[in-house]
Amino acid sequence: MSTGLLDGKIAVITGAASGMGRSTARTFVENGARVVLADIQEEAGTALAAELGDAARFTTTDVTSEPDLEALIEYAVGEFGRIDVFFSNAGAAGDLSPVTDLTEEGLNRTLALNLNAHVAAHKLATRQFQKQGTAGSIITTASVAIFQSGWNGPAYSMAKAAVMALVRQSALENKGTGTRSNAIVPGAVLTPMIPTMFGISDADAERFAERVEEEVAGQTLVGRLGRPEDIANAALFLASDLSSWISGTGIVVDGGAMAFTKDRSIELITGVAGEFQ
Ligand SMILES: NC(=O)c1ccc[n+]([C@@H]2O[C@H](COP(=O)([O-])OP(=O)(O)OC[C@H]3O[C@@H](n4cnc5c(N)ncnc54)[C@H](O)[C@@H]3O)[C@@H](O)[C@H]2O)c1
């Protein structure tokens, strides 16, 4: 059901070919936005844009390349005239090694995607809003790994923690302009990122998802796993004018996991993954 909350808005979404980005693309279009989808997965991105019709475009983009991000914004402005929302969402677990085994290469590779790319996105989106003389909303996907260790590899957790500092800094630098910067802070959501992180084969992915549902859903505070739509709904709120007095912070969307000292989601998912390895 369309709320019309994003009527007339132009949004750029990175990591749009899968998971949370994909769901957000659908939600944004359903609620009135026109969207430019960016991802390294060309086939899936092109298919999604075709499915969403006239309101959507896809352009192949590697967010770890600043020239690619510049070209993405230029493309969005060329297609739709301006941008109002930049959802910096692309990410992956990266190097899962404990700190004692983490190589410089592994750390840098993980930071390049999960931190540096967000820095470049904030810089370029803010410059574009300044150039347009309009206020925008920058949304960045963080993780509950900013609060606790053990949800993901340490390199990823460090990157996501730094993303929160970026969000606050970006909000500060946009003082008085109306441009806002906020993060979404998801708990475990069963997107393709989780089976990929545990090395689950495509052949086992469906059964893995079923077993995770059986093991994990009932022990969460809200009694179900997180879905990409839960993140898309938070993104809809942060992209819309309903959140116009919110900047420099994060919205935790985790089914209550951070409120509950005995949350075992990630431990149980790791156990299920062990059944497939
Ligand atoms: N799934 C979870 O439990 C979870 C929890 C907390 C945070 N997150 C974060 O949510 C965001 C979205 O992840 P998801 O769960 O939807 O995973 P996903 O794997 O389904 O989607 C991530 C997308 O990012 C794209 N991507 C990866 N590297 C890229 C690059 N260099 N350039 C452009 N695109 C690239 C992938 O192709 C993919 O389409 C990520 O930032 C992730 O860290 C996920």
# chains A, B, ... in the order shown; residues from 1 in each chain; ligands from 1
>>> residues_around(residues="range 143-160 of chain A", least_positions_apart="3", cutoff="9 Å", atoms="only C-alpha atoms", output="ChimeraX atom specification")
/A:92-99,102,106-108,110-116,163-164,183-188,197,252-254,257-258,265-267
>>> residues_near_ligand(ligand="ligand 1", cutoff="8 Å", atoms="only C-alpha atoms and all ligand atoms", output="ChimeraX atom specification")
/A:14-22,38-41,60-65,88-93,113-114,140-145,156,160,185-194,196,228
>>> write_last_selection(atoms="N, CA and C atoms", output="short mmCIF file (atom, residue, chain, number, x, y, z; two decimals), in the first residue's frame")
data_model
loop_
_atom_site.label_atom_id
_atom_site.label_comp_id
_atom_site.auth_asym_id
_atom_site.auth_seq_id
_atom_site.Cartn_x
_atom_site.Cartn_y
_atom_site.Cartn_z
N THR A 14 22.60 2.04 -2.85
CA THR A 14 23.71 1.14 -3.20
C THR A 14 23.47 -0.23 -2.55
N GLY A 15 24.05 -1.26 -3.16
CA GLY A 15 23.77 -2.63 -2.70
C GLY A 15 22.33 -2.98 -2.98
N ALA A 16 21.81 -2.45 -4.10
CA ALA A 16 20.37 -2.53 -4.38
C ALA A 16 19.94 -3.83 -5.04
N ALA A 17 20.89 -4.67 -5.42
CA ALA A 17 20.52 -5.88 -6.18
C ALA A 17 20.08 -7.03 -5.28
N SER A 18 20.25 -6.88 -3.96
CA SER A 18 20.02 -8.03 -3.07
C SER A 18 19.56 -7.53 -1.69
N GLY A 19 18.96 -8.44 -0.94
CA GLY A 19 18.71 -8.21 0.49
C GLY A 19 17.99 -6.91 0.82
N MET A 20 18.57 -6.17 1.75
CA MET A 20 17.94 -4.96 2.28
C MET A 20 17.80 -3.87 1.21
N GLY A 21 18.83 -3.74 0.37
CA GLY A 21 18.79 -2.71 -0.68
C GLY A 21 17.69 -3.00 -1.69
N ARG A 22 17.57 -4.26 -2.02
CA ARG A 22 16.55 -4.69 -2.99
C ARG A 22 15.14 -4.41 -2.44
N ALA A 38 22.19 0.86 -7.55
CA ALA A 38 23.62 0.67 -7.84
C ALA A 38 24.10 -0.60 -7.17
N ASP A 39 24.89 -1.36 -7.89
CA ASP A 39 25.43 -2.61 -7.33
C ASP A 39 26.50 -3.15 -8.28
N ILE A 40 27.31 -4.09 -7.77
CA ILE A 40 28.24 -4.77 -8.68
C ILE A 40 27.55 -5.93 -9.39
N GLN A 41 26.40 -6.37 -8.90
CA GLN A 41 25.67 -7.48 -9.52
C GLN A 41 24.78 -6.94 -10.64
N THR A 60 25.69 -0.17 -13.01
CA THR A 60 26.71 -0.98 -12.35
C THR A 60 27.71 -0.06 -11.65
N THR A 61 27.90 -0.31 -10.37
CA THR A 61 28.73 0.58 -9.55
C THR A 61 29.49 -0.24 -8.53
N ASP A 62 30.79 -0.02 -8.46
CA ASP A 62 31.58 -0.59 -7.36
C ASP A 62 31.77 0.54 -6.35
N VAL A 63 31.13 0.43 -5.20
CA VAL A 63 31.17 1.54 -4.24
C VAL A 63 32.57 1.78 -3.66
N THR A 64 33.48 0.81 -3.83
CA THR A 64 34.84 1.04 -3.33
C THR A 64 35.65 1.92 -4.28
N SER A 65 35.04 2.29 -5.40
CA SER A 65 35.70 3.18 -6.36
C SER A 65 35.03 4.55 -6.30
N SER A 88 23.34 4.67 1.49
CA SER A 88 24.65 4.02 1.36
C SER A 88 24.56 2.70 2.12
N ASN A 89 24.31 1.64 1.38
CA ASN A 89 23.90 0.37 2.02
C ASN A 89 24.78 -0.81 1.66
N ALA A 90 25.49 -0.75 0.54
CA ALA A 90 26.28 -1.91 0.11
C ALA A 90 27.27 -2.31 1.20
N GLY A 91 27.42 -3.60 1.40
CA GLY A 91 28.37 -4.08 2.41
C GLY A 91 28.47 -5.58 2.34
N ALA A 92 29.46 -6.12 3.05
CA ALA A 92 29.65 -7.57 3.15
C ALA A 92 30.53 -7.83 4.36
N ALA A 93 30.53 -9.08 4.82
CA ALA A 93 31.25 -9.40 6.05
C ALA A 93 32.76 -9.16 5.92
N LEU A 113 35.26 -1.47 1.82
CA LEU A 113 33.84 -1.61 1.50
C LEU A 113 32.95 -1.07 2.61
N ASN A 114 33.29 -1.38 3.86
CA ASN A 114 32.35 -1.11 4.95
C ASN A 114 32.58 0.21 5.66
N THR A 140 22.71 5.39 6.11
CA THR A 140 23.83 4.45 6.01
C THR A 140 23.48 3.19 6.81
N THR A 141 23.79 2.04 6.26
CA THR A 141 23.50 0.80 6.99
C THR A 141 24.68 0.45 7.89
N ALA A 142 24.44 0.49 9.20
CA ALA A 142 25.45 0.07 10.18
C ALA A 142 25.14 -1.38 10.57
N SER A 143 25.20 -1.70 11.86
CA SER A 143 24.93 -3.07 12.34
C SER A 143 24.94 -3.05 13.86
N VAL A 144 24.26 -4.01 14.49
CA VAL A 144 24.37 -4.11 15.95
C VAL A 144 25.78 -4.50 16.38
N ALA A 145 26.63 -4.86 15.40
CA ALA A 145 28.05 -5.11 15.70
C ALA A 145 28.75 -3.85 16.20
N TYR A 156 34.88 -6.02 10.32
CA TYR A 156 33.54 -5.52 9.98
C TYR A 156 32.99 -4.67 11.14
N LYS A 160 31.89 -0.75 11.02
CA LYS A 160 30.52 -0.29 11.29
C LYS A 160 30.50 0.68 12.46
N VAL A 185 20.53 0.49 12.08
CA VAL A 185 21.40 -0.42 12.82
C VAL A 185 20.68 -1.78 12.92
N PRO A 186 20.86 -2.63 11.89
CA PRO A 186 20.11 -3.90 11.89
C PRO A 186 20.73 -4.96 12.79
N GLY A 187 19.86 -5.82 13.32
CA GLY A 187 20.30 -7.09 13.91
C GLY A 187 20.42 -8.11 12.79
N ALA A 188 20.44 -9.40 13.14
CA ALA A 188 20.60 -10.45 12.11
C ALA A 188 19.35 -10.54 11.24
N VAL A 189 19.53 -10.35 9.96
CA VAL A 189 18.44 -10.44 8.98
C VAL A 189 18.89 -11.45 7.94
N LEU A 190 18.05 -12.42 7.67
CA LEU A 190 18.50 -13.52 6.80
C LEU A 190 18.47 -13.14 5.32
N THR A 191 19.41 -12.29 4.93
CA THR A 191 19.64 -11.95 3.53
C THR A 191 20.73 -12.87 3.00
N PRO A 192 21.05 -12.79 1.71
CA PRO A 192 22.16 -13.62 1.18
C PRO A 192 23.49 -13.38 1.89
N MET A 193 23.63 -12.25 2.60
CA MET A 193 24.91 -11.98 3.28
C MET A 193 25.25 -13.08 4.30
N ILE A 194 24.23 -13.61 4.99
CA ILE A 194 24.53 -14.56 6.07
C ILE A 194 25.00 -15.92 5.54
N THR A 196 26.40 -16.45 2.74
CA THR A 196 27.69 -16.17 2.10
C THR A 196 28.79 -16.11 3.16
N PRO A 228 14.22 -8.37 5.29
CA PRO A 228 14.69 -7.16 4.59
C PRO A 228 13.65 -6.03 4.64
#
>>> select_by_dssp(residues="range 85-261 of chain A", states="alpha helix (DSSP H)", output="PyMOL selection string")
chain A and resi 104-111+117-132+154-173+193-197+205-216+228-239
>>> residues_around(residues="range 172-176 of chain A", least_positions_apart="3", cutoff="9 Å", atoms="only C-alpha atoms", output="NGL selection string")
:A and (126 or 167-169 or 179-181 or 247-248)
>>> select_by_dssp(residues="range 59-189 of chain A", states="strand (DSSP E or B)", output="list of chain:residue names")
A:Thr59, A:Thr60, A:Val85, A:Phe86, A:Phe87, A:Ser88, A:Ser137, A:Ile138, A:Ile139, A:Thr140, A:Thr141, A:Arg180, A:Ser181, A:Asn182, A:Ala183, A:Ile184, A:Val185, A:Pro186, A:Val189
>>> closest_residue(among="A:Gln219, A:Thr46, A:Gln277, A:Ser244", to="Lys262 in chain A", atoms="only C-alpha atoms")
A:Gln219
>>> atom_distance(atom1="CA of Thr103 in chain A", atom2="CA of His118 in chain A")
22.0 Å
>>> closest_residue(among="A:Ala171, A:Gly199, A:Arg82, A:Phe87", to="Phe129 in chain A", atoms="only C-alpha atoms")
A:Arg82
>>> closest_residue(among="A:Ile13, A:Leu48, A:Val216, A:Leu124", to="Ala239 in chain A", atoms="only C-alpha atoms")
A:Ile13
>>> atom_distance(atom1="CA of Val35 in chain A", atom2="CA of Arg57 in chain A")
6.5 Å
>>> closest_residue(among="A:Asp230, A:Glu79, A:Glu105, A:Glu66", to="Val12 in chain A", atoms="only C-alpha atoms")
A:Glu79
>>> closest_residue(among="A:Ala76, A:Ala235, A:Leu242, A:Met1", to="Ser23 in chain A", atoms="only C-alpha atoms")
A:Ala235
